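Inspection log for the structure reproduced underneath, given as structure tokens.
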Amino acid sequence: MIVIRDDEFHQLVNYVKSYCGLDLSGKRHLIEGRLQPVLAALNMNSFAEYYHYVVKDKSGEALINLLNKLTTNHTYFMRESDHFLFFRDTVLPYWSAAAKNKDLRIWSAGCSTGEEPYTLAMILQDFFGDKKWLWDTRVLATDISRKVLEIASEGVYTSEQVAVLPEHWRRDYFRPVENGRYRVVDKIRNEVIFRAFNLNNPVYPFKQKFHVIFCRNVMIYFDNETKQELVNKFYENLESGGYLFIGHAESISRDRTKFKYVKPAVYYKE
């Protein structure tokens with residue numbers, strides 16, 4: 001086993017934080033453990049050698065592989081289900097009446113393997129029903145990890161993963177495939193646009209503001225300053241009357257934000 005030296009550890013931590021905002025300063029054992037197979041596969045003898053390899057790789061693939069190894073993408077359908085109920089019962093009735101040109105813009109930031117944006121797409125389908133064709137409600141789903149985006153775009157899940165969903169969703173929005181797994185039907189898959197995106201980008205390229213942003217259990221990996229910068233960017237990219245959903249394990253300093261508190265992990269832009 002190759003032991004990571006203090007200087008190598010700080011070098012990697014600072015590099016990752018400068019790129020995507022992730023604070024791994026308390027994750028020494030995680031970094032050391034998860035990168036061992038990578039160093040072995042590359043026939044490298046030190047973390048310093050690996051760091052220089054990543055930095056010099058102009059394709060960016062080495063960096064993406066590094067992030068895939070170090071990030072934990074733990075999610076599941078209906079996670080923190082009260083958010084989805086509030087979205088269905090409060091947010092959608094408001095914006096279905098207020099949105100112009102029947103254009104409803106929703107962003108799932110840090111979408112991981114796709115359970116969150118697909119859940120939103122199924123709620124939207126149920127809510128609008130036979131009027132759905134009149135609306136553009138496609139969900140933008142982004143993540144920094146190309147690996148999880150590949151899984152998400154496939155839309156294939158185990159029977160255990162879909163078992164928590166309402167029966168009519170399993171019947172109407174999934175089809176059985178091989179090995180007891182289920183694929184999201186094209187009608188729902190086509191409602192989600194998956195893109196690689198770094199939330200730490202200084203400027204967001206969106207031409208229009210969103211009505212709803214879900215960014216749940218992502219900011220727990222950021223330090224306070226990075227988190228505050230991200231919250232500010234979300235605020236600037238939301239329409240007035242828009243909602244921000246964060247994870248229940250996360251919080252926003254009410255003294256440092258223009259967002260109005262609605263309920264636990266739900267905020268509103270006046």
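Chain labels run A, B, ... following the order of the structure tokens; each chain numbers its residues from 1, and ligands are numbered from 1 in the order shown.
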
Problem - Long-range neighbours of Thr158 (chain A) as number ranges by chain, 9 Å cut-off, only C-alpha atoms, 6 positions minimum in chain - result: A: 179-183

For the selection you just gave me, I'd like the residues written to a file as an mmCIF file, in the first residue's frame, keeping N, CA and C atoms.
data_model
loop_
_atom_site.group_PDB
_atom_site.id
_atom_site.type_symbol
_atom_site.label_atom_id
_atom_site.label_comp_id
_atom_site.auth_asym_id
_atom_site.auth_seq_id
_atom_site.Cartn_x
_atom_site.Cartn_y
_atom_site.Cartn_z
ATOM 1 N N ASN A 179 -32.547 -9.269 -16.499
ATOM 2 C CA ASN A 179 -32.030 -9.469 -15.142
ATOM 3 C C ASN A 179 -32.892 -8.810 -14.068
ATOM 4 N N GLY A 180 -34.196 -8.792 -14.287
ATOM 5 C CA GLY A 180 -35.104 -8.265 -13.275
ATOM 6 C C GLY A 180 -35.010 -6.770 -13.064
ATOM 7 N N ARG A 181 -34.472 -6.059 -14.052
ATOM 8 C CA ARG A 181 -34.346 -4.615 -13.919
ATOM 9 C C ARG A 181 -35.435 -3.918 -14.738
ATOM 10 N N TYR A 182 -35.537 -2.599 -14.522
ATOM 11 C CA TYR A 182 -36.588 -1.826 -15.168
ATOM 12 C C TYR A 182 -36.005 -0.554 -15.776
ATOM 13 N N ARG A 183 -36.485 -0.207 -16.961
ATOM 14 C CA ARG A 183 -36.039 1.005 -17.642
ATOM 15 C C ARG A 183 -37.158 2.043 -17.647
#

With region 195-200 of chain A as the partner and 9 Å as the cut-off, tabulate the residues of region 42-143 of chain A that qualify, each row holding the nearest pair of atoms and their distance in Å to one decimal, using only C-alpha atoms, sorted by chain and rising number, as JSON lines.
{"residue": "A:Ala109", "atom": "CA", "partner": "A:Leu199", "partner_atom": "CA", "distance": 8.0}
{"residue": "A:Gly110", "atom": "CA", "partner": "A:Leu199", "partner_atom": "CA", "distance": 8.4}
{"residue": "A:Leu140", "atom": "CA", "partner": "A:Arg195", "partner_atom": "CA", "distance": 7.5}
{"residue": "A:Ala141", "atom": "CA", "partner": "A:Arg195", "partner_atom": "CA", "distance": 6.3}
{"residue": "A:Thr142", "atom": "CA", "partner": "A:Arg195", "partner_atom": "CA", "distance": 4.9}
{"residue": "A:Asp143", "atom": "CA", "partner": "A:Ala196", "partner_atom": "CA", "distance": 5.3}

Could you write out that same residue set with N, CA, C and O atoms as a PDB file, in the first residue's frame?
ATOM      1  N   ALA A 109     -29.624  19.938  -9.913  1.00  0.00           N
ATOM      2  CA  ALA A 109     -28.180  20.169  -9.868  1.00  0.00           C
ATOM      3  C   ALA A 109     -27.535  19.134  -8.949  1.00  0.00           C
ATOM      4  O   ALA A 109     -27.877  19.057  -7.769  1.00  0.00           O
ATOM      5  N   GLY A 110     -26.593  18.366  -9.485  1.00  0.00           N
ATOM      6  CA  GLY A 110     -26.030  17.259  -8.717  1.00  0.00           C
ATOM      7  C   GLY A 110     -26.989  16.081  -8.765  1.00  0.00           C
ATOM      8  O   GLY A 110     -27.366  15.518  -7.746  1.00  0.00           O
ATOM      9  N   LEU A 140     -33.608  19.979 -16.604  1.00  0.00           N
ATOM     10  CA  LEU A 140     -32.154  19.949 -16.799  1.00  0.00           C
ATOM     11  C   LEU A 140     -31.537  19.232 -15.604  1.00  0.00           C
ATOM     12  O   LEU A 140     -31.774  19.615 -14.457  1.00  0.00           O
ATOM     13  N   ALA A 141     -30.782  18.183 -15.882  1.00  0.00           N
ATOM     14  CA  ALA A 141     -30.146  17.390 -14.823  1.00  0.00           C
ATOM     15  C   ALA A 141     -28.640  17.403 -15.042  1.00  0.00           C
ATOM     16  O   ALA A 141     -28.162  16.933 -16.072  1.00  0.00           O
ATOM     17  N   THR A 142     -27.897  17.941 -14.082  1.00  0.00           N
ATOM     18  CA  THR A 142     -26.456  18.074 -14.249  1.00  0.00           C
ATOM     19  C   THR A 142     -25.692  17.401 -13.111  1.00  0.00           C
ATOM     20  O   THR A 142     -26.191  17.276 -11.990  1.00  0.00           O
ATOM     21  N   ASP A 143     -24.480  16.995 -13.438  1.00  0.00           N
ATOM     22  CA  ASP A 143     -23.572  16.448 -12.438  1.00  0.00           C
ATOM     23  C   ASP A 143     -22.155  16.612 -12.970  1.00  0.00           C
ATOM     24  O   ASP A 143     -21.951  16.679 -14.196  1.00  0.00           O
TER      25      ASP A 143
END

- [ ] Excluding Ala48 (chain A) and any residue of its chain fewer than 5 positions from it, enumerate the residues within 9 Å of it, using only C-alpha atoms, and give them as an MDAnalysis selection string.
- [x] chainID A and resid 4:5 7:9 11:12 53

Restricting it to N, CA, C and O atoms, dump the selection as a PDB file, in the first residue's frame.
ATOM      1  N   ILE A   4       0.028   8.135   1.554  1.00  0.00           N
ATOM      2  CA  ILE A   4       0.042   9.507   1.058  1.00  0.00           C
ATOM      3  C   ILE A   4       0.719  10.423   2.077  1.00  0.00           C
ATOM      4  O   ILE A   4       0.367  10.422   3.262  1.00  0.00           O
ATOM      5  N   ARG A   5       1.709  11.177   1.642  1.00  0.00           N
ATOM      6  CA  ARG A   5       2.399  12.113   2.528  1.00  0.00           C
ATOM      7  C   ARG A   5       1.530  13.352   2.744  1.00  0.00           C
ATOM      8  O   ARG A   5       0.602  13.637   1.982  1.00  0.00           O
ATOM      9  N   ASP A   7       2.234  16.516   2.324  1.00  0.00           N
ATOM     10  CA  ASP A   7       2.280  17.481   1.223  1.00  0.00           C
ATOM     11  C   ASP A   7       1.494  16.997   0.014  1.00  0.00           C
ATOM     12  O   ASP A   7       0.836  17.780  -0.685  1.00  0.00           O
ATOM     13  N   GLU A   8       1.510  15.685  -0.238  1.00  0.00           N
ATOM     14  CA  GLU A   8       0.749  15.121  -1.353  1.00  0.00           C
ATOM     15  C   GLU A   8      -0.753  15.234  -1.089  1.00  0.00           C
ATOM     16  O   GLU A   8      -1.544  15.544  -2.002  1.00  0.00           O
ATOM     17  N   PHE A   9      -1.143  14.964   0.138  1.00  0.00           N
ATOM     18  CA  PHE A   9      -2.553  15.060   0.517  1.00  0.00           C
ATOM     19  C   PHE A   9      -3.073  16.480   0.310  1.00  0.00           C
ATOM     20  O   PHE A   9      -4.110  16.699  -0.330  1.00  0.00           O
ATOM     21  N   GLN A  11      -1.836  18.789  -1.526  1.00  0.00           N
ATOM     22  CA  GLN A  11      -1.741  19.119  -2.952  1.00  0.00           C
ATOM     23  C   GLN A  11      -3.007  18.661  -3.685  1.00  0.00           C
ATOM     24  O   GLN A  11      -3.618  19.424  -4.448  1.00  0.00           O
ATOM     25  N   LEU A  12      -3.420  17.428  -3.447  1.00  0.00           N
ATOM     26  CA  LEU A  12      -4.618  16.898  -4.092  1.00  0.00           C
ATOM     27  C   LEU A  12      -5.879  17.591  -3.600  1.00  0.00           C
ATOM     28  O   LEU A  12      -6.768  17.924  -4.392  1.00  0.00           O
ATOM     29  N   TYR A  53       0.469  13.669 -13.081  1.00  0.00           N
ATOM     30  CA  TYR A  53      -0.167  13.019 -14.229  1.00  0.00           C
ATOM     31  C   TYR A  53      -1.534  13.650 -14.521  1.00  0.00           C
ATOM     32  O   TYR A  53      -1.864  13.943 -15.672  1.00  0.00           O
TER      33      TYR A  53
END

So that I can see what lies close to Lys132 (chain A), please list as an NGL selection string the residues with an atom at most 12 Å from it, counting only C-alpha atoms and leaving out residues fewer than 6 positions away in the same chain. :A and (96 or 102-104 or 121-126 or 138 or 187-188 or 191)

Shortest contact to Glu116 (chain A), candidates A:Arg216, A:Lys131, A:His168, A:Arg175, atoms counted only C-alpha atoms, goes to A:Arg216

Practice problem: Please return as a ChimeraX atom specification: the residues of region 131-250 of chain A that backbone DSSP assigns to helix (DSSP H, G or I). | Solution: /A:131-134,146-154,159-162,167-173,178-180,186-189,219-221,224-236

If you count only C-alpha atoms, the residue of A:Tyr50, A:Tyr204, A:Phe194, A:Tyr157 closest to Pro117 (chain A) turns out to be A:Phe194

Mind running region 75-105 of chain A against region 258-264 of chain A at 12 Å and telling me each contacting residue's nearest atom pair with the distance in Å (one decimal), counting only C-alpha atoms, chain and number ascending, as CSV?
residue,atom,partner,partner_atom,distance
A:Glu80,CA,A:Pro264,CA,10.9
A:Asp82,CA,A:Pro264,CA,9.9
A:His83,CA,A:Pro264,CA,9.4
A:Phe86,CA,A:Lys263,CA,9.9
A:Thr90,CA,A:Val262,CA,11.4
A:Val91,CA,A:Val262,CA,11.7

Using N, CA and C atoms, can you export the residues from the last selection as a PDB file, in the first residue's frame?
ATOM      1  N   GLU A  80     -36.127  12.066   0.675  1.00  0.00           N
ATOM      2  CA  GLU A  80     -36.708  13.274   1.276  1.00  0.00           C
ATOM      3  C   GLU A  80     -38.018  13.612   0.552  1.00  0.00           C
ATOM      4  N   ASP A  82     -40.940  14.554   1.263  1.00  0.00           N
ATOM      5  CA  ASP A  82     -41.770  15.738   1.520  1.00  0.00           C
ATOM      6  C   ASP A  82     -41.468  16.857   0.531  1.00  0.00           C
ATOM      7  N   HIS A  83     -40.253  16.891   0.006  1.00  0.00           N
ATOM      8  CA  HIS A  83     -39.917  17.882  -1.019  1.00  0.00           C
ATOM      9  C   HIS A  83     -40.748  17.667  -2.279  1.00  0.00           C
ATOM     10  N   PHE A  86     -44.301  18.803  -1.696  1.00  0.00           N
ATOM     11  CA  PHE A  86     -44.406  20.265  -1.724  1.00  0.00           C
ATOM     12  C   PHE A  86     -44.297  20.770  -3.156  1.00  0.00           C
ATOM     13  N   THR A  90     -47.696  22.555  -4.014  1.00  0.00           N
ATOM     14  CA  THR A  90     -47.572  24.005  -3.827  1.00  0.00           C
ATOM     15  C   THR A  90     -46.884  24.688  -5.008  1.00  0.00           C
ATOM     16  N   VAL A  91     -45.726  24.171  -5.390  1.00  0.00           N
ATOM     17  CA  VAL A  91     -44.930  24.835  -6.426  1.00  0.00           C
ATOM     18  C   VAL A  91     -45.597  24.735  -7.799  1.00  0.00           C
TER      19      VAL A  91
END

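The protein and nucleic acid residues lying at most 7 Å from Trp107 (chain A) are Val139, Leu140, Ala141, Phe210, Val212, Ile213 and Phe214 of chain A, with only C-alpha atoms considered and sequence neighbours fewer than 5 positions away removed.
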
Would you save the residues from that selection as a CSV table (one decimal), in the first residue's frame, using C-alpha atoms?
chain,number,residue,atom,x,y,z
A,139,VAL,CA,-35.8,19.0,-16.5
A,140,LEU,CA,-32.2,19.9,-16.8
A,141,ALA,CA,-30.1,17.4,-14.8
A,210,PHE,CA,-35.1,28.7,-13.6
A,212,VAL,CA,-37.2,25.7,-9.5
A,213,ILE,CA,-33.8,24.4,-8.5
A,214,PHE,CA,-33.1,21.2,-6.7

- From a DSSP calculation on the backbone, collect every residue of region 38-267 of chain A in strand (DSSP E or B) and output the set as a ChimeraX atom specification. /A:103,106-109,136,139-143,156-158,174-176,181-184,192-196,210-215,238-246,260-263,266-267

Any chance you can output those residues with N, CA and C atoms as a compact mmCIF listing (two decimals), in the first residue's frame?
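File produced: result_8.txt:
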# COMPACT_ATOMS: atom_id res chain seq x y z
N ASP A 103 -43.87 27.58 -20.27
CA ASP A 103 -42.47 27.17 -20.20
C ASP A 103 -42.07 27.12 -18.74
N ILE A 106 -36.85 23.77 -14.81
CA ILE A 106 -36.49 23.10 -13.56
C ILE A 106 -35.09 22.52 -13.72
N TRP A 107 -34.27 22.71 -12.69
CA TRP A 107 -32.88 22.24 -12.71
C TRP A 107 -32.64 21.30 -11.55
N SER A 108 -32.19 20.10 -11.85
CA SER A 108 -31.73 19.15 -10.84
C SER A 108 -30.21 19.20 -10.86
N ALA A 109 -29.62 19.94 -9.91
CA ALA A 109 -28.18 20.17 -9.87
C ALA A 109 -27.53 19.13 -8.95
N ASP A 136 -43.60 23.04 -22.07
CA ASP A 136 -42.20 22.63 -22.10
C ASP A 136 -41.75 22.56 -20.65
N VAL A 139 -36.67 18.75 -17.69
CA VAL A 139 -35.83 18.97 -16.51
C VAL A 139 -34.36 18.93 -16.94
N LEU A 140 -33.61 19.98 -16.60
CA LEU A 140 -32.15 19.95 -16.80
C LEU A 140 -31.54 19.23 -15.60
N ALA A 141 -30.78 18.18 -15.88
CA ALA A 141 -30.15 17.39 -14.82
C ALA A 141 -28.64 17.40 -15.04
N THR A 142 -27.90 17.94 -14.08
CA THR A 142 -26.46 18.07 -14.25
C THR A 142 -25.69 17.40 -13.11
N ASP A 143 -24.48 17.00 -13.44
CA ASP A 143 -23.57 16.45 -12.44
C ASP A 143 -22.16 16.61 -12.97
N VAL A 156 -31.95 2.78 -16.18
CA VAL A 156 -32.23 1.39 -15.81
C VAL A 156 -31.97 1.21 -14.31
N TYR A 157 -32.94 0.61 -13.61
CA TYR A 157 -32.85 0.47 -12.16
C TYR A 157 -33.31 -0.93 -11.75
N THR A 158 -32.86 -1.36 -10.58
CA THR A 158 -33.23 -2.68 -10.08
C THR A 158 -34.67 -2.66 -9.56
N PHE A 174 -42.34 2.61 -16.28
CA PHE A 174 -41.20 1.69 -16.34
C PHE A 174 -41.57 0.47 -17.17
N ARG A 175 -40.56 -0.11 -17.81
CA ARG A 175 -40.74 -1.35 -18.55
C ARG A 175 -39.66 -2.34 -18.13
N PRO A 176 -40.02 -3.60 -17.95
CA PRO A 176 -39.02 -4.60 -17.54
C PRO A 176 -37.99 -4.85 -18.64
N ARG A 181 -34.47 -6.06 -14.05
CA ARG A 181 -34.35 -4.61 -13.92
C ARG A 181 -35.43 -3.92 -14.74
N TYR A 182 -35.54 -2.60 -14.52
CA TYR A 182 -36.59 -1.83 -15.17
C TYR A 182 -36.01 -0.55 -15.78
N ARG A 183 -36.48 -0.21 -16.96
CA ARG A 183 -36.04 1.00 -17.64
C ARG A 183 -37.16 2.04 -17.65
N VAL A 184 -36.78 3.28 -17.41
CA VAL A 184 -37.73 4.39 -17.51
C VAL A 184 -38.20 4.48 -18.96
N VAL A 192 -35.98 14.59 -19.61
CA VAL A 192 -34.81 14.94 -18.79
C VAL A 192 -33.60 15.13 -19.71
N ILE A 193 -32.93 16.26 -19.55
CA ILE A 193 -31.73 16.58 -20.33
C ILE A 193 -30.53 16.46 -19.41
N PHE A 194 -29.68 15.48 -19.65
CA PHE A 194 -28.51 15.26 -18.81
C PHE A 194 -27.30 15.97 -19.40
N ARG A 195 -26.59 16.70 -18.56
CA ARG A 195 -25.40 17.43 -18.98
C ARG A 195 -24.35 17.39 -17.88
N ALA A 196 -23.07 17.33 -18.28
CA ALA A 196 -21.97 17.49 -17.33
C ALA A 196 -21.83 18.97 -17.02
N PHE A 210 -34.32 29.89 -13.95
CA PHE A 210 -35.13 28.73 -13.61
C PHE A 210 -36.28 29.13 -12.69
N HIS A 211 -37.33 28.32 -12.70
CA HIS A 211 -38.43 28.49 -11.77
C HIS A 211 -38.20 27.66 -10.50
N VAL A 212 -37.48 26.57 -10.64
CA VAL A 212 -37.22 25.66 -9.51
C VAL A 212 -35.81 25.10 -9.65
N ILE A 213 -35.07 25.08 -8.54
CA ILE A 213 -33.76 24.42 -8.51
C ILE A 213 -33.74 23.42 -7.36
N PHE A 214 -33.41 22.19 -7.67
CA PHE A 214 -33.14 21.17 -6.66
C PHE A 214 -31.63 20.99 -6.60
N CYS A 215 -31.03 21.21 -5.45
CA CYS A 215 -29.61 20.92 -5.24
C CYS A 215 -29.49 20.33 -3.84
N LEU A 238 -32.42 32.17 -10.49
CA LEU A 238 -33.82 31.84 -10.24
C LEU A 238 -34.71 33.02 -10.62
N GLU A 239 -35.89 32.72 -11.16
CA GLU A 239 -36.90 33.73 -11.37
C GLU A 239 -37.44 34.21 -10.02
N SER A 240 -37.93 35.42 -9.96
CA SER A 240 -38.66 35.87 -8.78
C SER A 240 -39.87 34.96 -8.60
N GLY A 241 -40.07 34.49 -7.38
CA GLY A 241 -41.11 33.50 -7.14
C GLY A 241 -40.61 32.07 -7.25
N GLY A 242 -39.30 31.94 -7.54
CA GLY A 242 -38.72 30.61 -7.70
C GLY A 242 -38.36 29.96 -6.38
N TYR A 243 -38.23 28.63 -6.41
CA TYR A 243 -37.94 27.85 -5.20
C TYR A 243 -36.59 27.14 -5.33
N LEU A 244 -35.88 27.09 -4.21
CA LEU A 244 -34.65 26.31 -4.09
C LEU A 244 -34.86 25.22 -3.04
N PHE A 245 -34.58 23.98 -3.42
CA PHE A 245 -34.65 22.84 -2.51
C PHE A 245 -33.22 22.37 -2.23
N ILE A 246 -32.86 22.26 -0.96
CA ILE A 246 -31.57 21.71 -0.56
C ILE A 246 -31.81 20.49 0.32
N LYS A 260 -35.77 33.63 1.14
CA LYS A 260 -36.70 33.57 2.26
C LYS A 260 -36.94 32.12 2.63
N TYR A 261 -36.87 31.85 3.92
CA TYR A 261 -37.10 30.50 4.42
C TYR A 261 -38.58 30.15 4.30
N VAL A 262 -38.86 28.96 3.75
CA VAL A 262 -40.24 28.50 3.62
C VAL A 262 -40.54 27.40 4.63
N LYS A 263 -39.72 26.39 4.62
CA LYS A 263 -39.84 25.24 5.52
C LYS A 263 -38.49 24.54 5.49
N VAL A 266 -36.29 24.23 2.21
CA VAL A 266 -36.98 24.85 1.08
C VAL A 266 -36.90 26.37 1.24
N TYR A 267 -36.47 27.05 0.17
CA TYR A 267 -36.29 28.50 0.19
C TYR A 267 -36.94 29.12 -1.03

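Using only C-alpha atoms, the residues found no farther than 9 Å from Ser145 (chain A), other than those of its own chain fewer than 5 positions away, are Ile64, Asn65, Leu67, Asn68, Thr71, Gly110, Ser112, Glu150, Ala196 and Phe197 of chain A.
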
Save the residues we just selected, C-alpha atoms, as a short mmCIF file (atom, residue, chain, number, x, y, z; two decimals), in the first residue's frame?
data_model
loop_
_atom_site.label_atom_id
_atom_site.label_comp_id
_atom_site.auth_asym_id
_atom_site.auth_seq_id
_atom_site.Cartn_x
_atom_site.Cartn_y
_atom_site.Cartn_z
CA ILE A 64 -12.80 13.31 -14.37
CA ASN A 65 -11.63 9.84 -13.32
CA LEU A 67 -13.48 12.99 -9.28
CA ASN A 68 -15.43 9.82 -10.06
CA THR A 71 -17.21 11.48 -4.94
CA GLY A 110 -26.03 17.26 -8.72
CA SER A 112 -26.27 11.69 -9.57
CA GLU A 150 -24.01 7.66 -18.21
CA ALA A 196 -21.97 17.49 -17.33
CA PHE A 197 -21.63 20.70 -15.34
#

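Here CA of Arg79 (chain A) is placed at a distance of 8.8 Å from CA of Glu115 (chain A).
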
Here CA of Pro166 (chain A) and CA of Ala99 (chain A) stand apart by 28.1 Å

Please report the interatomic distance between CA of Thr137 (chain A) and CA of Gln161 (chain A) in Å with one decimal.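 One can read the CA of Thr137 (chain A) to CA of Gln161 (chain A) distance as 24.8 Å.
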